[in-house]
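Everything on this sheet refers to the single structure shown next.
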Amino acid sequence: MKILLTEDVRKLGKAGEVVDVADGYARNFIIPKKLGVEATKAVLNDWETKKKADAARRAKEEEEAIALAAQYNGKWITVKEKAGENGKLFGSVTPQDVADAIEKQLGLTVDKKKVVVPEDIKTVGEYDVTLRLMASAAASIHMKVEADA
């Protein structure tokens, strides 16, 4: 029986592949666990349509991310943290602190997982931070860390 896999199945194939399996294996394991469906013409056409729509959506999201990265590339933000007299911070600047400052000062909502801080920031000064919006879109933002009065 020909099956269109809807999820990856170990030692059988990846999602989207059409594989030939025994009828009993398909009826008793693959189909009940919703790992695949019988590969009819209608199912294959629906899968192709869905795949094309997903590709178009991803391309549009990538275009938007590249435009957003170009818009925010080179911008400056300021983060204020409590510091001692010699400029050493009490703690460090975290990606969450950077994401909050970006949202507050630039109006861009960024997930902290997309903020790449090059090293532990434990002193007052200027640093470069990278925003990984997508795999192909990144923006470099300059950050000034100041002592909070």
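All residue names refer to the structure tokens as shown: chains lettered A, B, ... in order, residues numbered from 1 in each chain, ligands numbered from 1 in order.
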
Do you know which residues are at most 9 Å from Ala101 in chain A counting only C-alpha atoms, after dropping those on the same chain fewer than 5 positions away, and could you put them as a count of residues only? 5

If you run DSSP on the backbone here, which positions in range 35-122 of chain A get alpha helix (DSSP H)? Please write them as a VMD selection string. chain A and resid 41 to 72 95 to 106

Please produce a file of those selected residues containing C-alpha atoms, as an mmCIF file, in the first residue's frame.
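What landed in result-v3.cif:
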```cif
data_model
loop_
_atom_site.group_PDB
_atom_site.id
_atom_site.type_symbol
_atom_site.label_atom_id
_atom_site.label_comp_id
_atom_site.auth_asym_id
_atom_site.auth_seq_id
_atom_site.Cartn_x
_atom_site.Cartn_y
_atom_site.Cartn_z
ATOM 1 C CA LYS A 41 -4.603 11.365 -5.969
ATOM 2 C CA ALA A 42 -6.715 13.769 -3.900
ATOM 3 C CA VAL A 43 -4.412 13.467 -0.873
ATOM 4 C CA LEU A 44 -1.304 13.981 -3.019
ATOM 5 C CA ASN A 45 -2.837 17.056 -4.696
ATOM 6 C CA ASP A 46 -3.799 18.528 -1.302
ATOM 7 C CA TRP A 47 -0.266 17.871 -0.006
ATOM 8 C CA GLU A 48 1.311 19.603 -3.035
ATOM 9 C CA THR A 49 -1.023 22.602 -2.666
ATOM 10 C CA LYS A 50 -0.181 22.868 1.029
ATOM 11 C CA LYS A 51 3.540 22.582 0.305
ATOM 12 C CA LYS A 52 3.385 25.377 -2.295
ATOM 13 C CA ALA A 53 1.407 27.632 0.064
ATOM 14 C CA ASP A 54 3.927 27.009 2.865
ATOM 15 C CA ALA A 55 6.828 27.818 0.547
ATOM 16 C CA ALA A 56 5.155 31.066 -0.556
ATOM 17 C CA ARG A 57 4.446 32.016 3.073
ATOM 18 C CA ARG A 58 8.046 31.310 4.105
ATOM 19 C CA ALA A 59 9.377 33.362 1.179
ATOM 20 C CA LYS A 60 7.142 36.290 2.172
ATOM 21 C CA GLU A 61 8.218 36.049 5.842
ATOM 22 C CA GLU A 62 11.863 35.945 4.762
ATOM 23 C CA GLU A 63 11.414 39.066 2.594
ATOM 24 C CA GLU A 64 9.782 40.894 5.513
ATOM 25 C CA ALA A 65 12.551 39.802 7.898
ATOM 26 C CA ILE A 66 15.266 41.002 5.503
ATOM 27 C CA ALA A 67 13.516 44.373 5.138
ATOM 28 C CA LEU A 68 13.126 44.626 8.928
ATOM 29 C CA ALA A 69 16.786 43.743 9.451
ATOM 30 C CA ALA A 70 17.839 46.444 6.982
ATOM 31 C CA GLN A 71 15.612 48.962 8.767
ATOM 32 C CA TYR A 72 17.075 48.282 12.236
ATOM 33 C CA PRO A 95 19.375 38.927 26.167
ATOM 34 C CA GLN A 96 16.051 39.640 27.918
ATOM 35 C CA ASP A 97 17.345 43.072 28.990
ATOM 36 C CA VAL A 98 18.394 43.773 25.401
ATOM 37 C CA ALA A 99 15.026 42.582 24.020
ATOM 38 C CA ASP A 100 13.178 44.822 26.500
ATOM 39 C CA ALA A 101 15.327 47.830 25.543
ATOM 40 C CA ILE A 102 14.763 47.196 21.826
ATOM 41 C CA GLU A 103 11.014 47.009 22.356
ATOM 42 C CA LYS A 104 10.969 50.145 24.494
ATOM 43 C CA GLN A 105 13.303 52.308 22.387
ATOM 44 C CA LEU A 106 12.820 51.036 18.827
#
```

Name the residues in contact with range 23-31 of chain A at a cut-off of 9 Å, using only C-alpha atoms, excluding same-chain residues fewer than 3 positions from it; report them as JSON, numbers by chain. {"A": [1, 2, 3, 5, 9, 34, 35, 36, 37, 38]}

Selection to disk with C-alpha atoms, as a short mmCIF file (atom, residue, chain, number, x, y, z; two decimals), in the first residue's frame:
```cif
data_model
loop_
_atom_site.label_atom_id
_atom_site.label_comp_id
_atom_site.auth_asym_id
_atom_site.auth_seq_id
_atom_site.Cartn_x
_atom_site.Cartn_y
_atom_site.Cartn_z
CA MET A 1 0.00 0.00 0.00
CA LYS A 2 1.31 3.46 -0.84
CA ILE A 3 1.35 5.84 2.14
CA LEU A 5 3.91 10.18 5.53
CA VAL A 9 9.00 7.67 10.81
CA LYS A 34 -1.65 9.45 12.28
CA LEU A 35 1.89 9.05 10.95
CA GLY A 36 0.60 8.88 7.40
CA VAL A 37 -2.43 8.58 5.13
CA GLU A 38 -3.19 6.46 2.11
#
```

Among range 99-145 of chain A, which ones does DSSP place in strand (DSSP E or B), written as a PyMOL selection string? chain A and resi 115-116+121-123+125-134+137-145

Output the selection as a short mmCIF file (atom, residue, chain, number, x, y, z; two decimals), in the first residue's frame - C-alpha atoms for each residue.
```
data_model
loop_
_atom_site.label_atom_id
_atom_site.label_comp_id
_atom_site.auth_asym_id
_atom_site.auth_seq_id
_atom_site.Cartn_x
_atom_site.Cartn_y
_atom_site.Cartn_z
CA VAL A 115 19.12 38.22 20.55
CA VAL A 116 22.78 37.21 20.31
CA ILE A 121 28.42 42.12 29.45
CA LYS A 122 29.52 42.99 32.97
CA THR A 123 30.94 46.49 32.52
CA GLY A 125 30.54 50.55 27.67
CA GLU A 126 29.49 50.07 24.04
CA TYR A 127 28.75 46.69 22.50
CA ASP A 128 27.38 45.24 19.27
CA VAL A 129 24.38 42.92 19.53
CA THR A 130 23.00 40.77 16.72
CA LEU A 131 19.31 40.10 16.12
CA ARG A 132 18.74 36.82 14.27
CA LEU A 133 15.30 37.45 12.79
CA MET A 134 15.56 34.45 10.44
CA ALA A 137 18.16 37.92 8.05
CA ALA A 138 20.21 39.44 10.84
CA ALA A 139 20.57 43.00 12.10
CA SER A 140 23.48 44.44 14.06
CA ILE A 141 22.43 46.90 16.75
CA HIS A 142 24.81 49.06 18.76
CA MET A 143 24.18 49.05 22.48
CA LYS A 144 25.43 51.48 25.09
CA VAL A 145 25.43 50.20 28.65
#
```

Nearest to Glu81 in chain A, restricted to only C-alpha atoms and choosing among A:Val124, A:Leu12, A:Ala39, A:Ala135, comes out as A:Val124

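Distances from A:Ser136, A:Asp148, A:Glu119, A:Val19 to Leu89 in chain A were compared using only C-alpha atoms, and the smallest one belongs to A:Asp148.
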
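Counting from CA of Gly87 in chain A, the distance to CA of Val110 in chain A is 27.8 Å.
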
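Across the structure, CA of Gly107 in chain A and CA of Asn73 in chain A are spaced 14.0 Å apart.
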
note - CA of Trp76 in chain A and CA of Leu108 in chain A are separated by 12.9 Å
